[in-house]
Each structure stands twice: as structure tokens, then as C-alpha cells.
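A.B. asks: Structure file entry-v5.txt (compact mmCIF, C-alpha atoms) right here:
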```txt
# COMPACT_ATOMS: atom_id res chain seq x y z
CA MET A 1 -8.48 -11.48 5.60
CA LYS A 2 -11.40 -9.71 3.98
CA ASP A 3 -11.38 -8.27 0.47
CA LEU A 4 -11.28 -4.50 0.12
CA ASP A 5 -12.84 -2.18 -2.39
CA TYR A 6 -9.76 -1.35 -4.51
CA SER A 7 -10.61 2.32 -4.69
CA LYS A 8 -10.23 2.47 -0.88
CA ALA A 9 -6.75 0.92 -0.90
CA TYR A 10 -5.23 4.36 -0.35
CA ARG A 11 -6.47 4.23 3.25
CA LEU A 12 -4.11 1.35 4.03
CA PHE A 13 -1.26 3.90 3.86
CA TYR A 14 -2.53 5.74 6.95
CA PRO A 15 -1.28 7.03 9.35
CA ALA A 16 0.61 9.52 7.20
CA VAL A 17 2.17 12.90 7.91
CA PRO A 18 0.41 15.59 5.86
CA VAL A 19 2.68 18.06 4.08
CA VAL A 20 1.49 21.49 2.97
CA VAL A 21 2.29 22.21 -0.69
CA ALA A 22 2.08 25.89 -1.64
CA SER A 23 2.67 27.88 -4.79
CA SER A 24 2.09 31.43 -6.01
CA TYR A 25 1.49 32.93 -9.43
CA GLY A 26 0.14 36.29 -10.57
CA GLY A 27 -0.66 37.40 -7.02
CA LYS A 28 -2.60 34.24 -6.17
CA ILE A 29 -1.43 32.03 -3.29
CA SER A 30 -2.52 28.40 -3.58
CA ALA A 31 -1.99 25.66 -1.01
CA MET A 32 -3.15 22.16 -0.19
CA ALA A 33 -2.37 19.39 2.27
CA VAL A 34 -1.13 16.12 0.77
CA VAL A 35 -0.51 12.73 2.40
CA THR A 36 1.39 11.34 -0.60
CA ALA A 37 4.58 13.41 -0.36
CA VAL A 38 7.76 11.33 -0.57
CA SER A 39 11.43 11.72 -1.31
CA VAL A 40 12.25 10.20 -4.71
CA SER A 41 15.95 11.02 -5.18
CA ASN A 42 18.82 12.05 -2.94
CA VAL A 43 21.32 13.18 -5.61
CA PRO A 44 19.88 15.27 -7.23
CA PRO A 45 17.51 15.93 -4.31
CA ARG A 46 13.96 15.46 -5.55
CA VAL A 47 10.56 15.05 -3.95
CA GLY A 48 7.14 14.23 -5.31
CA PHE A 49 3.46 13.98 -4.45
CA ALA A 50 0.24 12.83 -6.11
CA SER A 51 -2.38 15.42 -7.06
CA LEU A 52 -5.65 15.59 -8.94
CA GLN A 53 -5.31 17.80 -12.01
CA THR A 54 -8.35 19.77 -10.88
CA HIS A 55 -6.67 21.12 -7.73
CA SER A 56 -6.16 24.86 -7.78
CA THR A 57 -2.66 24.36 -6.32
CA TYR A 58 -1.76 21.93 -9.09
CA ARG A 59 -2.63 24.51 -11.72
CA THR A 60 -0.69 27.26 -9.91
CA ILE A 61 2.38 25.00 -9.79
CA LEU A 62 2.17 24.37 -13.55
CA SER A 63 2.13 28.15 -14.11
CA SER A 64 4.85 29.12 -11.63
CA ARG A 65 7.01 26.02 -12.17
CA SER A 66 7.76 25.99 -8.43
CA PHE A 67 6.31 25.04 -5.05
CA SER A 68 7.18 24.80 -1.38
CA MET A 69 6.65 21.83 0.92
CA SER A 70 6.17 22.59 4.61
CA TRP A 71 5.82 20.44 7.71
CA LEU A 72 3.65 21.76 10.53
CA ASP A 73 3.44 20.83 14.17
CA ARG A 74 0.30 19.09 15.42
CA SER A 75 -0.67 22.28 17.26
CA LEU A 76 -1.61 23.50 13.75
CA ALA A 77 -3.65 20.41 12.83
CA ARG A 78 -6.83 22.47 12.49
CA GLU A 79 -5.25 24.84 9.96
CA VAL A 80 -3.97 21.87 7.95
CA GLU A 81 -7.41 20.26 8.06
CA LEU A 82 -8.99 23.52 6.79
CA LEU A 83 -6.62 23.49 3.81
CA GLY A 84 -8.02 20.11 2.93
CA SER A 85 -11.69 20.96 3.39
CA LYS A 86 -11.93 24.57 2.10
CA ARG A 87 -12.14 25.14 -1.65
CA GLY A 88 -9.41 27.24 -3.27
CA LYS A 89 -11.60 28.69 -6.01
CA GLY A 90 -12.05 32.46 -5.74
CA VAL A 91 -9.63 32.69 -2.78
CA THR A 92 -6.67 34.99 -3.48
CA ASP A 93 -4.57 33.80 -0.54
CA LYS A 94 -5.47 30.28 0.56
CA LEU A 95 -2.84 30.19 3.31
CA ARG A 96 -4.03 33.39 5.03
CA SER A 97 -7.63 32.29 4.59
CA VAL A 98 -6.93 29.45 7.02
CA GLY A 99 -4.74 31.59 9.32
CA LEU A 100 -1.28 30.67 8.06
CA LYS A 101 1.03 33.66 7.57
CA HIS A 102 3.77 33.32 5.00
CA ASN A 103 6.67 35.05 3.32
CA LYS A 104 8.65 34.61 0.15
CA GLY A 105 11.15 31.81 -0.10
CA ARG A 106 14.88 32.26 0.39
CA VAL A 107 15.73 31.13 -3.13
CA LEU A 108 12.50 30.72 -5.11
CA GLU A 109 9.33 32.83 -5.48
CA VAL A 110 7.29 30.40 -3.39
CA PRO A 111 5.14 31.07 -0.30
CA VAL A 112 6.85 29.79 2.86
CA ILE A 113 4.70 29.34 5.97
CA ASP A 114 6.08 31.31 8.94
CA ALA A 115 5.08 28.63 11.45
CA ALA A 116 6.55 25.67 9.51
CA VAL A 117 9.01 23.43 11.33
CA ALA A 118 10.72 22.61 8.01
CA THR A 119 10.44 23.80 4.43
CA LEU A 120 11.70 22.70 1.02
CA GLU A 121 11.71 25.15 -1.89
CA CYS A 122 11.36 23.19 -5.12
CA SER A 123 11.46 23.87 -8.82
CA LEU A 124 9.11 21.79 -10.94
CA VAL A 125 10.92 18.97 -12.76
CA ASN A 126 8.18 16.82 -14.16
CA VAL A 127 4.51 15.86 -14.00
CA VAL A 128 3.84 12.16 -14.59
CA ALA A 129 0.33 10.91 -15.41
CA LEU A 130 -0.32 7.83 -13.25
CA GLY A 131 -4.11 7.40 -13.40
CA ASP A 132 -6.65 9.77 -11.89
CA HIS A 133 -3.81 11.61 -10.12
CA ASP A 134 -0.60 13.05 -11.54
CA PHE A 135 2.70 12.67 -9.75
CA VAL A 136 4.34 16.09 -9.37
CA VAL A 137 8.13 16.02 -9.06
CA GLY A 138 10.26 18.90 -7.82
CA GLU A 139 13.95 19.47 -7.26
CA VAL A 140 15.02 20.87 -3.90
CA LYS A 141 16.62 24.31 -4.25
CA ALA A 142 16.54 25.26 -0.57
CA ALA A 143 15.96 23.21 2.59
CA TYR A 144 15.78 24.39 6.17
CA ALA A 145 14.34 23.25 9.48
CA GLN A 146 13.96 24.21 13.12
CA THR A 147 16.54 22.96 15.58
CA ASP A 148 14.44 19.91 16.49
CA PHE A 149 15.89 18.48 13.27
CA SER A 150 19.43 17.53 14.23
CA GLY A 151 20.57 14.87 11.77
CA TYR A 152 17.10 13.43 12.20
CA TRP A 153 13.92 14.73 13.80
CA GLN A 154 14.24 14.51 17.57
CA PHE A 155 10.46 14.94 18.13
CA LYS A 156 11.08 16.96 21.30
CA ARG A 157 9.70 20.30 20.13
CA TYR A 158 8.13 19.00 16.90
CA LYS A 159 5.15 16.65 17.26
CA PRO A 160 4.00 15.54 13.81
CA ILE A 161 0.40 15.28 12.65
CA LEU A 162 -0.44 11.64 11.95
CA TYR A 163 -3.46 11.68 9.67
CA VAL A 164 -5.69 8.60 9.87
CA GLY A 165 -8.44 9.65 7.43
CA SER A 166 -12.04 10.69 7.79
CA PRO A 167 -14.75 10.75 9.06
CA ASP A 168 -13.20 12.75 11.92
CA ARG A 169 -10.50 14.54 9.96
CA LEU A 170 -8.86 15.91 13.09
CA ARG A 171 -8.42 12.53 14.72
CA MET A 172 -4.76 11.58 14.88
CA TYR A 173 -2.93 8.36 15.45
CA ASP A 174 -1.89 7.97 19.05
CA PRO A 175 -0.18 4.65 19.92
CA MET B 1 15.66 27.94 10.72
CA LYS B 2 18.95 26.29 9.85
CA ASP B 3 19.93 25.17 6.36
CA LEU B 4 19.98 21.45 5.68
CA ASP B 5 22.20 19.32 3.50
CA TYR B 6 19.83 18.73 0.55
CA SER B 7 20.75 15.06 0.30
CA LYS B 8 19.33 14.60 3.83
CA ALA B 9 15.98 16.19 2.98
CA TYR B 10 14.40 12.73 2.80
CA ARG B 11 14.59 12.55 6.60
CA LEU B 12 12.08 15.38 6.94
CA PHE B 13 9.42 12.88 5.78
CA TYR B 14 9.80 10.76 8.94
CA PRO B 15 7.96 9.29 10.76
CA ALA B 16 6.77 7.01 7.96
CA VAL B 17 5.12 3.60 7.93
CA PRO B 18 7.41 1.07 6.22
CA VAL B 19 5.76 -1.20 3.68
CA VAL B 20 7.24 -4.54 2.65
CA VAL B 21 7.51 -4.94 -1.13
CA ALA B 22 8.01 -8.53 -2.30
CA SER B 23 8.34 -10.25 -5.65
CA SER B 24 9.28 -13.68 -6.96
CA TYR B 25 10.82 -14.86 -10.19
CA GLY B 26 12.45 -18.12 -11.20
CA GLY B 27 12.25 -19.55 -7.68
CA LYS B 28 13.84 -16.52 -6.04
CA ILE B 29 11.88 -14.55 -3.43
CA SER B 30 12.98 -10.92 -3.08
CA ALA B 31 11.73 -8.40 -0.54
CA MET B 32 12.58 -5.01 0.87
CA ALA B 33 11.13 -2.44 3.23
CA VAL B 34 10.31 0.96 1.74
CA VAL B 35 9.24 4.21 3.41
CA THR B 36 8.21 5.87 0.14
CA ALA B 37 5.09 3.83 -0.70
CA VAL B 38 2.07 5.95 -1.60
CA SER B 39 -1.24 5.67 -3.37
CA VAL B 40 -1.10 7.50 -6.70
CA SER B 41 -4.51 6.76 -8.27
CA ASN B 42 -7.89 5.57 -7.00
CA VAL B 43 -9.54 4.69 -10.34
CA PRO B 44 -7.69 2.76 -11.67
CA PRO B 45 -6.20 1.81 -8.27
CA ARG B 46 -2.44 2.34 -8.44
CA VAL B 47 0.37 2.57 -5.93
CA GLY B 48 4.03 3.47 -6.22
CA PHE B 49 7.32 3.59 -4.36
CA ALA B 50 10.86 4.83 -4.96
CA SER B 51 13.68 2.31 -5.34
CA LEU B 52 17.33 2.26 -6.26
CA GLN B 53 17.87 0.33 -9.47
CA THR B 54 20.50 -1.77 -7.72
CA HIS B 55 18.04 -3.36 -5.28
CA SER B 56 17.58 -7.08 -5.78
CA THR B 57 13.82 -6.66 -5.34
CA TYR B 58 13.70 -3.99 -8.03
CA ARG B 59 15.30 -6.36 -10.52
CA THR B 60 12.97 -9.22 -9.56
CA ILE B 61 9.95 -6.94 -10.11
CA LEU B 62 11.18 -6.00 -13.58
CA SER B 63 11.43 -9.73 -14.43
CA SER B 64 8.13 -10.87 -12.90
CA ARG B 65 6.18 -7.68 -13.75
CA SER B 66 4.42 -7.98 -10.38
CA PHE B 67 4.88 -7.34 -6.66
CA SER B 68 3.01 -7.40 -3.37
CA MET B 69 2.85 -4.64 -0.76
CA SER B 70 2.32 -5.72 2.83
CA TRP B 71 1.76 -3.84 6.06
CA LEU B 72 3.07 -5.42 9.26
CA ASP B 73 2.26 -4.81 12.89
CA ARG B 74 4.90 -3.24 15.11
CA SER B 75 5.35 -6.57 16.87
CA LEU B 76 7.25 -7.49 13.65
CA ALA B 77 9.43 -4.38 13.60
CA ARG B 78 12.59 -6.44 13.99
CA GLU B 79 11.81 -8.56 10.92
CA VAL B 80 11.11 -5.42 8.89
CA GLU B 81 14.37 -3.89 10.11
CA LEU B 82 16.26 -7.04 9.05
CA LEU B 83 14.81 -6.73 5.54
CA GLY B 84 16.38 -3.29 5.38
CA SER B 85 19.77 -4.24 6.76
CA LYS B 86 20.40 -7.72 5.29
CA ARG B 87 21.69 -7.99 1.73
CA GLY B 88 19.52 -9.89 -0.77
CA LYS B 89 22.39 -11.14 -2.90
CA GLY B 90 22.78 -14.91 -2.84
CA VAL B 91 19.63 -15.37 -0.71
CA THR B 92 17.01 -17.57 -2.41
CA ASP B 93 14.16 -16.59 -0.08
CA LYS B 94 14.69 -13.19 1.52
CA LEU B 95 11.40 -13.31 3.43
CA ARG B 96 12.09 -16.64 5.12
CA SER B 97 15.68 -15.56 5.81
CA VAL B 98 14.29 -12.93 8.18
CA GLY B 99 11.59 -15.21 9.60
CA LEU B 100 8.59 -14.16 7.51
CA LYS B 101 6.54 -17.07 6.15
CA HIS B 102 4.61 -16.48 2.97
CA ASN B 103 2.32 -18.02 0.38
CA LYS B 104 1.30 -17.29 -3.17
CA GLY B 105 -1.10 -14.45 -3.85
CA ARG B 106 -4.81 -14.89 -4.46
CA VAL B 107 -4.64 -13.44 -7.97
CA LEU B 108 -0.99 -12.91 -8.91
CA GLU B 109 2.17 -15.01 -8.57
CA VAL B 110 3.53 -12.80 -5.80
CA PRO B 111 4.74 -13.76 -2.31
CA VAL B 112 2.22 -12.72 0.35
CA ILE B 113 3.41 -12.58 3.97
CA ASP B 114 1.27 -14.77 6.27
CA ALA B 115 1.52 -12.34 9.16
CA ALA B 116 0.62 -9.21 7.16
CA VAL B 117 -2.27 -7.08 8.41
CA ALA B 118 -3.02 -5.97 4.83
CA THR B 119 -1.74 -6.85 1.37
CA LEU B 120 -2.01 -5.46 -2.14
CA GLU B 121 -1.18 -7.66 -5.14
CA CYS B 122 0.02 -5.44 -7.97
CA SER B 123 0.96 -5.80 -11.60
CA LEU B 124 3.78 -3.56 -12.79
CA VAL B 125 2.52 -0.59 -14.80
CA ASN B 126 5.51 1.64 -15.20
CA VAL B 127 8.97 2.54 -13.94
CA VAL B 128 9.73 6.25 -14.01
CA ALA B 129 13.31 7.54 -13.71
CA LEU B 130 13.31 10.41 -11.22
CA GLY B 131 16.97 10.83 -10.26
CA ASP B 132 19.03 8.30 -8.31
CA HIS B 133 15.83 6.35 -7.57
CA ASP B 134 13.17 5.08 -9.95
CA PHE B 135 9.50 5.34 -9.12
CA VAL B 136 7.87 1.92 -9.49
CA VAL B 137 4.13 2.01 -10.23
CA GLY B 138 1.79 -0.94 -9.87
CA GLU B 139 -1.92 -1.52 -10.43
CA VAL B 140 -3.87 -3.18 -7.61
CA LYS B 141 -5.27 -6.56 -8.69
CA ALA B 142 -6.20 -7.82 -5.22
CA ALA B 143 -6.55 -6.04 -1.88
CA TYR B 144 -7.35 -7.52 1.50
CA ALA B 145 -6.90 -6.69 5.16
CA GLN B 146 -7.54 -7.96 8.67
CA THR B 147 -10.70 -6.90 10.43
CA ASP B 148 -8.96 -3.96 12.14
CA PHE B 149 -9.49 -2.25 8.80
CA SER B 150 -13.17 -1.34 8.79
CA GLY B 151 -13.63 1.55 6.35
CA TYR B 152 -10.42 2.89 7.85
CA TRP B 153 -7.79 1.43 10.15
CA GLN B 154 -9.14 1.32 13.69
CA PHE B 155 -5.66 0.80 15.24
CA LYS B 156 -7.10 -1.48 17.91
CA ARG B 157 -5.40 -4.71 16.91
CA TYR B 158 -3.03 -3.17 14.35
CA LYS B 159 -0.30 -0.90 15.72
CA PRO B 160 1.76 0.49 12.84
CA ILE B 161 5.52 0.81 12.76
CA LEU B 162 6.49 4.49 12.62
CA TYR B 163 10.03 4.59 11.29
CA VAL B 164 12.08 7.62 12.35
CA GLY B 165 15.41 6.74 10.70
CA SER B 166 18.78 5.63 11.97
CA PRO B 167 21.05 5.42 13.91
CA ASP B 168 18.79 3.19 16.06
CA ARG B 169 16.77 1.58 13.28
CA LEU B 170 14.30 0.01 15.69
CA ARG B 171 13.43 3.26 17.42
CA MET B 172 9.85 4.24 16.61
CA TYR B 173 7.88 7.43 16.93
CA ASP B 174 5.87 7.53 20.13
CA PRO B 175 3.93 10.75 20.76
```
Mind converting the file's structure to C-alpha cells?

C.D. replies:
Amino acid sequence: MKDLDYSKAYRLFYPAVPVVVASSYGGKISAMAVVTAVSVSNVPPRVGFASLQTHSTYRTILSSRSFSMSWLDRSLAREVELLGSKRGKGVTDKLRSVGLKHNKGRVLEVPVIDAAVATLECSLVNVVALGDHDFVVGEVKAAYAQTDFSGYWQFKRYKPILYVGSPDRLRMYDP
Amino acid sequence: MKDLDYSKAYRLFYPAVPVVVASSYGGKISAMAVVTAVSVSNVPPRVGFASLQTHSTYRTILSSRSFSMSWLDRSLAREVELLGSKRGKGVTDKLRSVGLKHNKGRVLEVPVIDAAVATLECSLVNVVALGDHDFVVGEVKAAYAQTDFSGYWQFKRYKPILYVGSPDRLRMYDP
């Protein structure tokens, strides 16, 4: 076993399914792809993800106190990759800028991606400082999915993106 | 899109790579498989995972103030599944009880699984209450991996487990 540079330890967690986090405030639509989204509580239902404080989406979430989480099929891997590589600064609608149409949430004023296979609408609960990233925690206020989710994902119509890291950001894990 | 029972929202996050969290205290070896392990900071290097407070491993970590995280190849999926389904109560060495040999860590007094493809040795930083689970945060004090990890995982010798949830706990995602 060879020693690793600690600051690269995050790559051990790959492959991971990227989740698109989106938020809107004052007419601005912010969005980013995260590979650190997890469920942290079932009752009450809560989810979280790690974010740099400098992310445009992070700041929009602090203002709006809400965000959506969306899962996208691997046919949209390029759009998800663009969310990760394009800067949000000066862009009024980050989702449309990468070709992702959206509408308002069912319960909260959050952008919901039309093409998502599943979406959670979340109200902000807490932001926990954990180092160079903060952990953003939200409570689920609405949850819905396409019919491929029947108790569990069936993976018949939904094929998840399995992000393995750079240098080729579009490369996916394929057993 | 059909509405989901909020308390089942955690299943949207599948497939996920299970990570084995292990800790020792007073001669007892505790371990569990988690699907909520993520990197939360690069500098300082920190990782976290969600756990019920009632887990034996959670209590051992609070006593020892340390834990290891290990990644296992899919050839060991059955052992990882056993960690999830067997109770830890009354078992002195949970890892050996499912057939996983281990030794002491390089830097910390944590159990490190011999067959792991990568391991992080972590000191406990914080436990954050987030609902019915706590989020356990550790700082990386040692990190090492097999040669399949070269900058990133190459997935030539290491084939990750991709957990998709019950009812068949050994079923894995296969694109």
C-alpha cells in the first residue's frame, strides 16, 4: 500500500453519483453539481452536501434558505459536466446556460429541472463549518421521482452517472 | 413524476459505494458499513458519515476518538453485507466475525482491514446532530491505497461495490 497525499483523499470516494443542487433568489438561478450529497436523517427527512463558501450556488442558498436536489440520467452527463466547469459569476440562469430547462418547485420557490429523474425540494436547516468546505443541510419538503423508482431504483429507464474524477471529466465508471 | 414517502428519500442516492468504518476500544473491535461517507474538506483533510447513535461502532468511536475508513473490492461484497446485517452486540471482534482480518493502523490505534484497497486513519473531530442520525467527522492522519489508485482510481484491479439497497442486499448496480 502506498501513501497518498491527504488532500487527494477525496478521490477515494469515487465513483460517485453527481447530484445537481439548484437555488434561486432575486431572479438569479444558481446551480452546481456535487458528489458529496448524502442522506443524513430519515425522520425528519434531511439531506446534506459539502460546498466551498465561494460557490455562487452556496451564496444563493444562504439568501433563499432553500434548494433543490436533482438526479439526472447519464444521457445528460455533458450538461452536468458543464455545470461543474462553467463559472456562475455574471450568469443570470446557470441551468439554462448549460441547456437545462426548469420550472418552479411544487412546494418551495426552487428551480426544478424538467429532465430530472428525481427531485427533492429542501428548506435550509443548517450550515456546518467542517474545514475548507461547509456542510449544507436541508429538510425535504417535497420528493418525487419517475416511475423507474419503485420502492428502489430499478435502473431500467434510469442509468446513473458514475463520476470517477478528472482528467477526463466525462469518463464514467463502467464495470 | 410520482410523490415519494419522504422517509424513503435516502434511496434516491443509490447506487453508492459502501465504506467500512472500524474502531477499537478496550479490546473490542467494532465495524459497520456505511453508504453516506463523503469527503468534507481537503485542507485540512476531513471526511464524514451519518450514523445512528445506537450503532455499536458509533459508541466505540466516541470512546476511542478515532476510526478507520476502508474501501473493499466487490469480491468481498458478502463480507460487507454481513457487517450490515449482523448485530455488533456481544461480539468482541466484529471484523473477524465476518471473516475480515485486520491489524493496527500505521499512525492511529484503529483496526485496518488487511484486504482493503484503500484506508484512511482518522481522529474524531466532531459529531453533529442532524436529525435521527449524527454526522461523524474525522481528520485524516494517514491515507494509503493499492496501486490501482494512481492519481485517481483506475478500476483495473479494484472493482467497487455499488450498493443499490434491499431487498436483495447483494445485488449491485451493473450498467

A.B. asks: Counting only C-alpha atoms, which residues of chain A come no farther than 6 Å from chain B, as a list in words?

C.D. replies: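 Interface list for chain A against chain B: Met1, Lys2, Asp3, Leu4, Ser7, Tyr10, Thr36, Val38, Ser39, Val40, Ser41, Asn42, Pro45, Ala50, Gly131, Asp132, His133, Ala143, Tyr144, Ala145 and Gln146 of chain A.
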
A.B. asks: Mind dumping the selected residues with C-alpha atoms as an mmCIF file, in the frame of the given file?

C.D. replies:
```cif
data_model
loop_
_atom_site.group_PDB
_atom_site.id
_atom_site.type_symbol
_atom_site.label_atom_id
_atom_site.label_comp_id
_atom_site.auth_asym_id
_atom_site.auth_seq_id
_atom_site.Cartn_x
_atom_site.Cartn_y
_atom_site.Cartn_z
ATOM 1 C CA MET A 1 -8.480 -11.480 5.600
ATOM 2 C CA LYS A 2 -11.400 -9.710 3.980
ATOM 3 C CA ASP A 3 -11.380 -8.270 0.470
ATOM 4 C CA LEU A 4 -11.280 -4.500 0.120
ATOM 5 C CA SER A 7 -10.610 2.320 -4.690
ATOM 6 C CA TYR A 10 -5.230 4.360 -0.350
ATOM 7 C CA THR A 36 1.390 11.340 -0.600
ATOM 8 C CA VAL A 38 7.760 11.330 -0.570
ATOM 9 C CA SER A 39 11.430 11.720 -1.310
ATOM 10 C CA VAL A 40 12.250 10.200 -4.710
ATOM 11 C CA SER A 41 15.950 11.020 -5.180
ATOM 12 C CA ASN A 42 18.820 12.050 -2.940
ATOM 13 C CA PRO A 45 17.510 15.930 -4.310
ATOM 14 C CA ALA A 50 0.240 12.830 -6.110
ATOM 15 C CA GLY A 131 -4.110 7.400 -13.400
ATOM 16 C CA ASP A 132 -6.650 9.770 -11.890
ATOM 17 C CA HIS A 133 -3.810 11.610 -10.120
ATOM 18 C CA ALA A 143 15.960 23.210 2.590
ATOM 19 C CA TYR A 144 15.780 24.390 6.170
ATOM 20 C CA ALA A 145 14.340 23.250 9.480
ATOM 21 C CA GLN A 146 13.960 24.210 13.120
#
```

A.B. asks: To box region 148-166 of chain B, take all atoms listed in the file, fit an axis-aligned box, add 8 Å on each side, and give centre and edge lengths in Å to one decimal, as lines of an AutoDock Vina configuration file.

C.D. replies:
```
center_x = 2.6
center_y = 1.5
center_z = 12.1
size_x = 48.4
size_y = 28.3
size_z = 27.6
```

A.B. asks: By how many Å are CA of Ala77 (chain A) and CA of Lys104 (chain A) apart?

C.D. replies: 22.7 Å

A.B. asks: So how far away is CA of Ala33 (chain A) from CA of Arg87 (chain A), in Å?

C.D. replies: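 Taking CA of Arg87 (chain A) and CA of Ala33 (chain A), their separation equals 12.0 Å.
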
A.B. asks: Using CA of Ser23 (chain B) and CA of Tyr163 (chain A) as the two end points, give the distance in Å to one decimal.

C.D. replies: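 If I compute the distance from CA of Ser23 (chain B) to CA of Tyr163 (chain A), I get 29.2 Å.
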
A.B. asks: Output requested as a tab-separated table (two decimals), in the frame of the given file - region 10-25 of chain A, filled out with N, CA, C and O atoms.

C.D. replies:
```tsv
chain	number	residue	atom	x	y	z
A	10	TYR	N	-6.08	3.25	-0.81
A	10	TYR	CA	-5.23	4.36	-0.35
A	10	TYR	C	-5.26	4.53	1.17
A	10	TYR	O	-4.32	5.04	1.77
A	11	ARG	N	-6.35	4.06	1.79
A	11	ARG	CA	-6.47	4.23	3.25
A	11	ARG	C	-5.56	3.29	4.03
A	11	ARG	O	-5.33	3.49	5.21
A	12	LEU	N	-5.06	2.25	3.37
A	12	LEU	CA	-4.11	1.35	4.03
A	12	LEU	C	-2.82	2.09	4.40
A	12	LEU	O	-2.11	1.68	5.31
A	13	PHE	N	-2.52	3.17	3.66
A	13	PHE	CA	-1.26	3.90	3.86
A	13	PHE	C	-1.29	4.81	5.09
A	13	PHE	O	-0.28	5.39	5.44
A	14	TYR	N	-2.44	4.94	5.73
A	14	TYR	CA	-2.53	5.74	6.95
A	14	TYR	C	-2.00	4.96	8.14
A	14	TYR	O	-2.13	3.74	8.15
A	15	PRO	N	-1.43	5.59	9.19
A	15	PRO	CA	-1.28	7.03	9.35
A	15	PRO	C	-0.18	7.60	8.46
A	15	PRO	O	0.82	6.93	8.18
A	16	ALA	N	-0.38	8.84	8.03
A	16	ALA	CA	0.61	9.52	7.20
A	16	ALA	C	0.73	10.97	7.67
A	16	ALA	O	-0.24	11.55	8.15
A	17	VAL	N	1.92	11.51	7.53
A	17	VAL	CA	2.17	12.90	7.91
A	17	VAL	C	1.75	13.81	6.75
A	17	VAL	O	2.31	13.69	5.66
A	18	PRO	N	0.77	14.69	6.95
A	18	PRO	CA	0.41	15.59	5.86
A	18	PRO	C	1.46	16.69	5.68
A	18	PRO	O	2.04	17.17	6.65
A	19	VAL	N	1.72	17.02	4.43
A	19	VAL	CA	2.68	18.06	4.08
A	19	VAL	C	1.90	19.14	3.35
A	19	VAL	O	1.03	18.83	2.53
A	20	VAL	N	2.18	20.40	3.65
A	20	VAL	CA	1.49	21.49	2.97
A	20	VAL	C	2.31	21.91	1.74
A	20	VAL	O	3.47	22.28	1.86
A	21	VAL	N	1.67	21.79	0.58
A	21	VAL	CA	2.29	22.21	-0.69
A	21	VAL	C	1.70	23.56	-1.05
A	21	VAL	O	0.47	23.72	-1.05
A	22	ALA	N	2.55	24.54	-1.33
A	22	ALA	CA	2.08	25.89	-1.64
A	22	ALA	C	2.79	26.44	-2.86
A	22	ALA	O	3.95	26.09	-3.13
A	23	SER	N	2.10	27.30	-3.58
A	23	SER	CA	2.67	27.88	-4.79
A	23	SER	C	1.99	29.23	-5.04
A	23	SER	O	0.86	29.46	-4.60
A	24	SER	N	2.69	30.13	-5.71
A	24	SER	CA	2.09	31.43	-6.01
A	24	SER	C	2.34	31.79	-7.47
A	24	SER	O	3.38	31.46	-8.05
A	25	TYR	N	1.34	32.49	-8.04
A	25	TYR	CA	1.49	32.93	-9.43
A	25	TYR	C	0.50	34.06	-9.67
A	25	TYR	O	-0.68	33.94	-9.34
```
